[in-house]
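Novice: Input structure.txt, format and content: compact mmCIF, C-alpha atoms.
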```
# COMPACT_ATOMS: atom_id res chain seq x y z
CA MET M 1 -69.84 98.45 84.82
CA ASN M 2 -69.51 102.14 85.64
CA LEU M 3 -69.92 105.01 83.17
CA ARG M 4 -66.23 105.11 82.33
CA ASP M 5 -66.27 101.44 81.38
CA ARG M 6 -69.40 101.94 79.30
CA ASN M 7 -67.87 104.90 77.59
CA GLU M 8 -64.81 102.89 76.65
CA LYS M 9 -66.93 99.99 75.44
CA LEU M 10 -68.96 102.35 73.25
CA LEU M 11 -65.79 103.03 71.28
CA GLU M 12 -66.34 99.62 69.77
CA LYS M 13 -69.30 101.13 67.93
CA SER M 14 -68.21 104.72 67.40
CA ILE M 15 -64.61 104.06 66.27
CA GLU M 16 -64.58 100.39 65.31
CA GLY M 17 -68.18 100.10 64.14
CA ASN M 18 -69.82 100.72 60.79
CA PHE M 19 -67.80 103.84 60.12
CA ARG M 20 -64.46 102.09 60.55
CA LEU M 21 -61.69 101.78 57.96
CA PRO M 22 -58.70 99.38 58.02
CA VAL M 23 -55.48 100.73 59.50
CA VAL M 24 -51.98 99.25 59.62
CA LEU M 25 -49.33 100.59 62.02
CA ILE M 26 -45.55 100.08 61.85
CA ASP M 27 -43.67 101.05 64.99
CA PRO M 28 -40.11 102.47 65.23
CA ASP M 29 -38.74 98.92 65.62
CA GLY M 30 -40.26 97.87 62.30
CA VAL M 31 -42.99 95.74 63.89
CA VAL M 32 -46.20 95.67 61.83
CA TYR M 33 -49.58 95.81 63.62
CA ASP M 34 -52.59 94.93 61.50
CA HIS M 35 -54.66 93.19 64.17
CA THR M 36 -55.97 94.26 67.56
CA VAL M 37 -54.76 92.64 70.80
CA ASP M 38 -57.77 90.31 70.64
CA GLY M 39 -57.18 89.24 67.05
CA ARG M 40 -59.62 91.41 65.11
CA PRO M 41 -58.44 93.35 62.00
CA LEU M 42 -57.04 96.67 63.14
CA CYS M 43 -59.26 99.58 62.24
CA GLY M 44 -60.09 103.14 63.19
CA LEU M 45 -61.98 106.29 62.34
CA VAL M 46 -60.24 107.97 59.38
CA LEU M 47 -60.94 111.53 58.29
CA TYR M 48 -59.51 113.41 55.31
CA ASP M 49 -59.52 116.99 53.89
CA SER M 50 -60.08 120.24 55.65
CA LYS M 51 -60.07 123.91 54.78
CA LEU M 52 -57.97 125.92 57.14
CA LEU M 53 -57.26 129.59 57.67
CA ASN M 54 -53.65 130.68 57.66
CA PRO M 55 -53.49 132.52 61.00
CA GLU M 56 -50.66 134.75 59.77
CA THR M 57 -52.39 136.03 56.67
CA GLY M 58 -56.06 135.14 57.16
CA GLU M 59 -55.95 133.36 53.81
CA GLY M 60 -57.89 130.16 53.18
CA MET M 61 -55.79 127.07 52.52
CA MET M 62 -57.15 123.73 51.37
CA VAL M 63 -54.87 121.32 53.15
CA PRO M 64 -55.13 117.54 53.15
CA TYR M 65 -55.72 116.72 56.80
CA GLU M 66 -55.68 112.97 57.21
CA ARG M 67 -56.05 111.78 60.78
CA VAL M 68 -57.06 108.50 62.36
CA THR M 69 -58.65 107.92 65.74
CA MET M 70 -58.17 104.50 67.31
CA ARG M 71 -59.25 102.72 70.44
CA ARG M 72 -56.34 102.57 72.85
CA SER M 73 -57.30 99.19 74.30
CA SER M 74 -57.09 97.63 70.81
CA LEU M 75 -53.44 98.53 70.35
CA ALA M 76 -50.55 96.33 71.49
CA ARG M 77 -48.25 99.33 71.50
CA LEU M 78 -49.31 102.97 71.74
CA PRO M 79 -47.56 105.59 69.60
CA LEU M 80 -46.00 108.32 71.73
CA SER M 81 -45.38 111.94 70.78
CA GLY M 82 -41.86 112.31 69.44
CA GLU M 83 -41.75 108.83 67.92
CA LYS M 84 -41.73 108.07 64.21
CA TRP M 85 -44.24 105.51 62.92
CA ILE M 86 -45.65 104.55 59.55
CA VAL M 87 -49.45 104.44 59.31
CA LYS M 88 -51.28 102.93 56.36
CA ILE M 89 -54.86 104.00 55.66
CA PRO M 90 -57.14 103.60 52.62
CA SER M 91 -56.52 106.14 49.87
CA HIS M 92 -60.27 106.78 49.73
CA PRO M 93 -62.88 106.44 52.49
CA THR M 94 -63.99 102.98 51.38
CA PRO M 95 -62.77 99.74 53.01
CA ASP M 96 -61.59 98.19 49.70
CA SER M 97 -59.35 101.10 48.65
CA PRO M 98 -55.62 100.35 48.48
CA LEU M 99 -53.66 101.31 51.58
CA VAL M 100 -51.36 104.32 51.37
CA ALA M 101 -48.46 104.92 53.74
CA TYR M 102 -48.32 108.05 55.88
CA ALA M 103 -46.02 108.98 58.73
CA ILE M 104 -46.27 110.11 62.31
CA THR M 105 -43.29 112.31 63.09
CA PRO M 106 -42.34 114.66 65.93
CA THR M 107 -43.67 117.48 63.72
CA ARG M 108 -47.22 116.72 64.82
CA PRO M 109 -47.83 115.75 68.46
CA ILE M 110 -50.26 112.94 69.08
CA SER M 111 -53.55 113.70 70.77
CA HIS M 112 -54.12 111.10 73.43
CA GLY M 113 -57.77 111.19 74.45
CA ARG M 114 -56.77 109.28 77.54
CA SER M 115 -59.83 110.27 79.52
CA ILE M 116 -62.17 108.48 77.13
CA GLY M 117 -59.89 105.77 75.80
CA TYR M 118 -58.99 106.83 72.26
CA ILE M 119 -55.89 108.15 70.56
CA THR M 120 -55.78 110.44 67.50
CA LEU M 121 -52.86 110.24 65.11
CA TYR M 122 -52.27 113.27 62.88
CA LEU M 123 -50.69 111.97 59.71
CA THR M 124 -48.01 113.42 57.45
CA GLN M 125 -47.86 112.57 53.78
CA LEU M 126 -44.92 110.35 52.95
CA GLU M 127 -42.81 110.54 49.85
CA ALA M 128 -40.36 107.83 48.82
CA LYS M 129 -36.84 108.57 47.62
CA MET L 1 -49.17 154.17 34.47
CA ARG L 2 -45.70 152.72 34.42
CA PHE L 3 -46.00 150.67 37.59
CA ARG L 4 -48.22 148.27 35.62
CA ASP L 5 -45.47 147.80 33.03
CA ILE L 6 -42.94 147.21 35.79
CA LYS L 7 -45.21 144.61 37.36
CA LYS L 8 -45.54 142.74 34.06
CA SER L 9 -41.79 142.88 33.55
CA LEU L 10 -41.15 141.54 37.04
CA ILE L 11 -43.57 138.67 36.45
CA ASP L 12 -41.88 137.85 33.13
CA LEU L 13 -38.43 138.10 34.71
CA LEU L 14 -39.35 135.59 37.40
CA GLY L 15 -41.34 133.39 35.02
CA ASN L 16 -38.52 133.09 32.50
CA ALA L 17 -36.08 132.09 35.24
CA ALA L 18 -38.38 129.51 36.89
CA GLN L 19 -36.96 126.40 35.15
CA ASP L 20 -39.39 124.10 37.00
CA ARG L 21 -38.19 125.31 40.38
CA TYR L 22 -41.35 127.26 41.15
CA GLN L 23 -44.51 128.65 39.52
CA VAL L 24 -45.32 132.34 39.11
CA VAL L 25 -48.73 133.95 39.44
CA GLY L 26 -49.27 137.64 38.79
CA PHE L 27 -52.25 138.24 41.04
CA GLN L 28 -53.63 137.37 44.48
CA ARG L 29 -55.62 134.19 44.77
CA GLN L 30 -58.48 133.88 47.24
CA GLY L 31 -57.04 130.68 48.60
CA LYS L 32 -54.44 128.09 47.85
CA SER L 33 -54.17 124.33 47.93
CA ALA L 34 -51.32 122.76 49.83
CA GLU L 35 -51.17 119.93 47.28
CA GLU L 36 -50.55 122.36 44.41
CA VAL L 37 -47.45 123.93 45.95
CA LYS L 38 -45.71 120.70 46.95
CA GLY L 39 -42.05 120.12 46.12
CA ASN L 40 -40.81 122.26 43.23
CA ASN L 41 -44.27 123.66 42.54
CA ARG L 42 -43.53 126.38 45.08
CA LEU L 43 -45.83 129.33 44.47
CA VAL L 44 -44.41 132.79 43.78
CA GLN L 45 -47.26 135.28 43.78
CA VAL L 46 -46.38 138.78 42.52
CA TYR L 47 -48.61 141.84 42.84
CA TYR L 48 -48.52 145.59 43.27
CA SER L 49 -48.93 146.16 47.00
CA GLU L 50 -48.62 149.89 47.66
CA GLY L 51 -47.20 153.14 46.40
CA ASP L 52 -46.24 156.53 47.75
CA PHE L 53 -46.36 159.83 45.86
CA PRO L 54 -44.31 162.38 47.83
CA ARG L 55 -46.08 165.69 47.36
CA LYS L 56 -42.93 167.65 46.81
CA SER L 57 -41.70 165.28 44.11
CA GLY L 58 -44.18 166.25 41.47
CA THR L 59 -46.81 168.44 39.99
CA ASN L 60 -50.27 167.85 38.61
CA ALA L 61 -48.63 166.47 35.45
CA PHE L 62 -46.13 164.01 36.93
CA ALA L 63 -44.84 162.67 40.21
CA LYS L 64 -42.34 160.25 41.61
CA HIS L 65 -44.01 156.92 42.43
CA LEU L 66 -42.32 154.98 45.23
CA ILE L 67 -43.51 151.45 44.44
CA THR L 68 -43.73 148.34 46.58
CA PHE L 69 -44.39 145.00 44.94
CA ARG L 70 -45.20 142.17 47.24
CA ILE L 71 -44.06 138.65 46.45
CA ASP L 72 -45.85 135.94 48.47
CA LEU L 73 -43.96 132.68 48.71
CA THR L 74 -45.77 129.43 49.58
CA VAL L 75 -44.24 125.97 49.90
CA SER L 76 -45.47 122.63 51.21
CA ALA L 77 -43.68 119.38 51.88
CA PRO L 78 -44.34 115.80 52.98
CA ALA L 79 -42.04 113.63 55.06
CA VAL L 80 -39.49 111.60 53.08
CA ILE L 81 -38.51 107.96 53.53
CA SER L 82 -36.44 105.38 51.69
CA GLN L 83 -38.29 103.89 48.70
CA SER L 84 -37.61 100.27 49.54
CA VAL L 85 -39.49 100.09 52.83
CA LEU L 86 -42.83 100.99 51.31
CA SER L 87 -42.98 97.59 49.62
CA THR L 88 -44.86 94.85 51.38
CA ASN L 89 -41.79 92.58 51.69
CA ALA L 90 -39.65 94.89 53.80
CA GLN L 91 -38.12 93.22 56.85
CA ALA L 92 -38.46 94.62 60.36
CA ASN L 93 -34.79 95.68 60.51
CA ASP L 94 -35.08 97.55 57.21
CA LEU L 95 -38.29 99.19 58.35
CA ALA L 96 -36.77 100.25 61.65
CA LEU L 97 -33.71 101.75 59.94
CA ALA L 98 -35.78 103.61 57.36
CA ILE L 99 -38.19 104.96 59.97
CA SER L 100 -35.32 106.26 62.08
CA GLN L 101 -33.84 108.01 59.04
CA MET L 102 -37.17 109.46 57.91
CA GLN L 103 -36.90 113.20 57.20
CA GLU L 104 -39.52 115.32 58.92
CA SER L 105 -41.75 117.42 56.67
CA ALA L 106 -41.17 120.54 58.79
CA ALA L 107 -37.44 120.38 58.09
CA ILE L 108 -37.97 119.85 54.36
CA ALA L 109 -40.51 122.68 54.09
CA ASP L 110 -38.27 125.06 56.03
CA GLU L 111 -35.32 124.37 53.75
CA SER L 112 -37.55 124.64 50.67
CA TRP L 113 -38.77 128.10 51.70
CA ASP L 114 -35.25 129.32 52.40
CA GLU L 115 -34.17 128.00 49.02
CA ILE L 116 -36.93 129.82 47.12
CA VAL L 117 -36.04 133.07 48.89
CA ASP L 118 -32.43 132.58 47.85
CA ILE L 119 -33.44 131.95 44.23
CA ILE L 120 -35.83 134.91 43.96
CA ILE L 121 -33.43 137.37 45.57
CA GLN L 122 -30.63 136.29 43.23
CA ILE L 123 -32.88 136.77 40.20
CA ILE L 124 -34.19 140.19 41.20
CA MET L 125 -30.90 141.60 42.44
CA ASP L 126 -28.92 140.29 39.47
CA ALA L 127 -26.95 143.11 37.82
CA ARG L 128 -28.71 142.30 34.57
CA ALA L 129 -32.06 142.99 36.24
CA LEU L 130 -31.28 146.56 37.27
CA ASP L 131 -34.45 147.72 35.51
CA LEU L 132 -36.39 144.54 36.37
CA GLY L 133 -36.56 143.70 32.69
CA CYS L 134 -38.28 146.96 31.71
CA GLN L 135 -37.63 148.79 28.47
CA PHE L 136 -37.19 152.03 30.40
CA PRO L 137 -34.90 152.81 33.34
CA ILE L 138 -36.21 152.50 36.88
CA ALA L 139 -34.56 153.73 40.04
CA ASP L 140 -33.85 152.35 43.49
CA ARG L 141 -34.52 148.66 42.76
CA TRP L 142 -34.23 146.97 46.16
CA ILE L 143 -35.56 144.12 48.27
CA SER L 144 -36.43 145.84 51.50
CA HIS L 145 -37.96 143.09 53.58
CA VAL L 146 -38.37 139.31 53.81
CA LYS L 147 -40.64 137.60 56.33
CA LYS L 148 -41.31 133.92 56.97
CA ASP L 149 -44.58 132.94 58.68
CA GLN L 150 -45.11 130.15 61.19
CA PRO L 151 -45.99 126.79 59.56
CA ILE L 152 -49.73 126.16 59.34
CA SER L 153 -50.53 124.11 62.40
CA GLN L 154 -52.63 121.35 60.83
CA GLY L 155 -52.61 119.11 57.80
CA SER L 156 -50.63 116.18 56.40
CA LEU L 157 -48.45 118.59 54.45
CA ILE L 158 -46.42 121.21 56.24
CA VAL L 159 -47.22 124.58 54.63
CA ILE L 160 -44.98 127.59 55.11
CA THR L 161 -45.91 131.00 53.73
CA GLY L 162 -44.04 134.27 53.73
CA MET L 163 -43.46 137.44 51.78
CA MET L 164 -40.83 139.62 50.20
CA ALA L 165 -41.12 143.36 49.48
CA VAL L 166 -39.51 144.61 46.27
CA THR L 167 -39.27 148.38 45.99
CA CYS L 168 -38.33 150.75 43.22
CA SER L 169 -39.25 154.21 42.02
CA ILE L 170 -40.35 155.68 38.72
CA ASP L 171 -41.62 158.99 37.43
CA GLU L 172 -45.27 158.64 36.54
CA GLN L 173 -47.03 160.94 34.13
CA PHE L 174 -50.63 161.99 34.66
CA SER L 175 -52.03 162.46 31.18
CA GLY L 176 -55.68 162.14 32.13
CA ASP L 177 -58.14 159.38 31.56
CA ILE L 178 -59.14 158.85 27.96
CA GLY L 179 -62.26 156.99 29.02
CA GLY L 180 -63.71 153.86 27.58
CA GLN L 181 -64.43 153.19 23.94
CA CYS L 182 -67.44 155.18 22.78
CA SER L 183 -70.10 153.60 20.68
CA ASP L 184 -71.69 155.57 17.86
CA LEU L 185 -74.19 157.78 19.59
CA LEU L 186 -75.31 159.68 16.57
CA THR L 187 -75.36 158.68 12.94
CA ALA L 188 -76.99 161.08 10.62
CA ASP L 189 -76.49 162.63 7.25
CA ILE L 190 -76.43 166.40 7.27
CA LYS L 191 -78.03 167.82 4.21
CA LEU L 192 -76.88 171.22 3.21
CA ASP L 193 -78.61 173.43 0.68
CA GLU L 194 -76.51 174.10 -2.37
CA GLU L 195 -76.65 177.81 -1.62
CA VAL L 196 -75.12 177.27 1.82
CA VAL L 197 -72.32 175.15 0.45
CA GLU L 198 -71.40 177.78 -2.12
```
Do you think you could lay out the structure here as structure tokens?

Specialist:
Amino acid sequence: MNLRDRNEKLLEKSIEGNFRLPVVLIDPDGVVYDHTVDGRPLCGLVLYDSKLLNPETGEGMMVPYERVTMRRSSLARLPLSGEKWIVKIPSHPTPDSPLVAYAITPTRPISHGRSIGYITLYLTQLEAK
Amino acid sequence: MRFRDIKKSLIDLLGNAAQDRYQVVGFQRQGKSAEEVKGNNRLVQVYYSEGDFPRKSGTNAFAKHLITFRIDLTVSAPAVISQSVLSTNAQANDLALAISQMQESAAIADESWDEIVDIIIQIIMDARALDLGCQFPIADRWISHVKKDQPISQGSLIVITGMMAVTCSIDEQFSGDIGGQCSDLLTADIKLDEEVVE
């Protein structure tokens, strides 16, 4: 196993290890993914709030900044930039919290992390009408 | 000075016309929360920004004050999807259709910001608001500039900020500073001899 392989295998601990949270993906065809390709519950590294600076005004903005990082090899289908998906993550950073639906839209490009084997999805809050 | 009365009147004018379409704040906040300005909670922040006193327009007792009020406008928006697909029983076809018809948050936020500009301009430039709601006449009421910023690049809510400059002019009077309230510095009874009083 070379270093690249080891690096990818380490994602099992860093992304899908003790810090993981359950994730459910729904692709543009309406297919629901809640398990990995090898049958384990789908999970990822979920992060929440952030304080940002408005670059135009220099003003501080507290913006919810939910994003989820997942192991690419665990996914049956990879989201691509420009596609619309629904992503469900826990409302709070505990595994038993109810899942809340967010969206991936063309508004926020996906960060691929291809060199190391992960993908980061930047989520948009979703409102129902 | 009168610019403070004009500012209060402008805040009241906008506040009375809000009708749950936006919220008005009469000062600058250190920071904002994207969650608090979502949907119709758009933030309209009004404050005195700058003023000019042309030297030739006045004397030491009064001068023309060319006022600029700045109105900062902040909106945020999520993406929008059909209600039915968020239930657990939605079929794949229904999910696919709803996802394809999902409205992007950037589009919603952009439209929301344009709408709030439309509303505020109509309120301020209304013929009934010639004096911006003041009890005294003001001159040269005008909206000189509107600017929309780029959306903030991160976050699950799209946030768009921008500003509007409202100008007017008024004659200010310089009557001098009356100072703060004085406490009693000296309390004493003055006793006068009867001879002196007579």

Novice: At a cut-off of 12 Å, using all atoms listed in the file, what residues contact Asn7 in chain M? Leave out same-chain residues fewer than 3 positions from it and give the result as an MDAnalysis selection string.

Specialist: chainID M and resid 1:4 10:15 71 114:118

Novice: What does the distance between CA of Thr167 in chain L and CA of Leu66 in chain L come to in Å, to one decimal place?

Specialist: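 Computing it gives 7.3 Å between the two atoms.
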
Novice: Given the choices L:Ile158, L:Leu43, L:Met164, L:Val85, which gets closest to Ile121 in chain L if the distance is worked out from all atoms listed in the file?

Specialist: L:Met164

Novice: Identify every residue of chain M that has at least one atom within 8 Å of any atom of chain L, counting only C-alpha atoms, and report the result as a PyMOL selection string.

Specialist: chain M and resi 27-32+50+52+54-56+59-66+84-86+101+103+105-107+122-129

Novice: List the spatial neighbours of Lys7 in chain L as a PDB file with C-alpha atoms, in the frame of the given file - criterion: any atom at most 8 Å away, all atoms listed in the file, same-chain residues fewer than 5 positions off excluded.

Specialist:
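Now in part_26.pdb:
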```pdb
ATOM      1  CA  VAL L  46     -46.380 138.780  42.520  1.00  0.00           C
ATOM      2  CA  TYR L  47     -48.610 141.840  42.840  1.00  0.00           C
ATOM      3  CA  TYR L  48     -48.520 145.590  43.270  1.00  0.00           C
ATOM      4  CA  PHE L  69     -44.390 145.000  44.940  1.00  0.00           C
TER       5      PHE L  69
END
```

Novice: Rounded to one decimal place, report the CA of Ile123 in chain L-CA of Val25 in chain L distance in Å.

Specialist: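 That distance, rounded to one decimal, is 16.1 Å.
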
Novice: Report, in Å with one decimal, the straight-line distance from CA of Asp5 in chain M to CA of Arg72 in chain M.

Specialist: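 For CA of Asp5 in chain M relative to CA of Arg72 in chain M, the distance reads 13.1 Å.
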
Novice: For Lys147 in chain L, which of M:Ser81, M:Asp49, M:Thr57, M:Ile89 is the closest residue, counting all atoms listed in the file?

Specialist: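 Selected residue with least distance to Lys147 in chain L: M:Thr57.
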
Novice: Write out as a PyMOL selection string which residues come within 7 Å of range 11-13 of chain L when counting all atoms listed in the file, dropping same-chain ones fewer than 3 positions away.

Specialist: chain L and resi 7-8+16-17+26+46+132-133

Novice: Go ahead and dump the residues you just picked, C-alpha atoms, as a short mmCIF file (atom, residue, chain, number, x, y, z; two decimals), in the frame of the given file.

Specialist:
```
data_model
loop_
_atom_site.label_atom_id
_atom_site.label_comp_id
_atom_site.auth_asym_id
_atom_site.auth_seq_id
_atom_site.Cartn_x
_atom_site.Cartn_y
_atom_site.Cartn_z
CA LYS L 7 -45.21 144.61 37.36
CA LYS L 8 -45.54 142.74 34.06
CA ASN L 16 -38.52 133.09 32.50
CA ALA L 17 -36.08 132.09 35.24
CA GLY L 26 -49.27 137.64 38.79
CA VAL L 46 -46.38 138.78 42.52
CA LEU L 132 -36.39 144.54 36.37
CA GLY L 133 -36.56 143.70 32.69
#
```

Novice: For a cut-off of 8 Å around (-42.5, 165.2, 33.4), file coordinates, pick out all residues using all atoms listed in the file and list them as a ChimeraX atom specification.

Specialist: /L:61-63,171-173

Novice: Between L:Ile6, L:Val37, L:Leu73, L:Ala127, which one has atoms that come closest to Trp113 in chain L, using all atoms listed in the file?

Specialist: L:Leu73

Novice: Around the point (-42.1, 156.9, 46.9), in the coordinates given by the file, pick out the residues reaching within 12 Å, counting only C-alpha atoms, and return them as a PyMOL selection string.

Specialist: chain L and resi 3+50-58+63-68+139-141+167-172
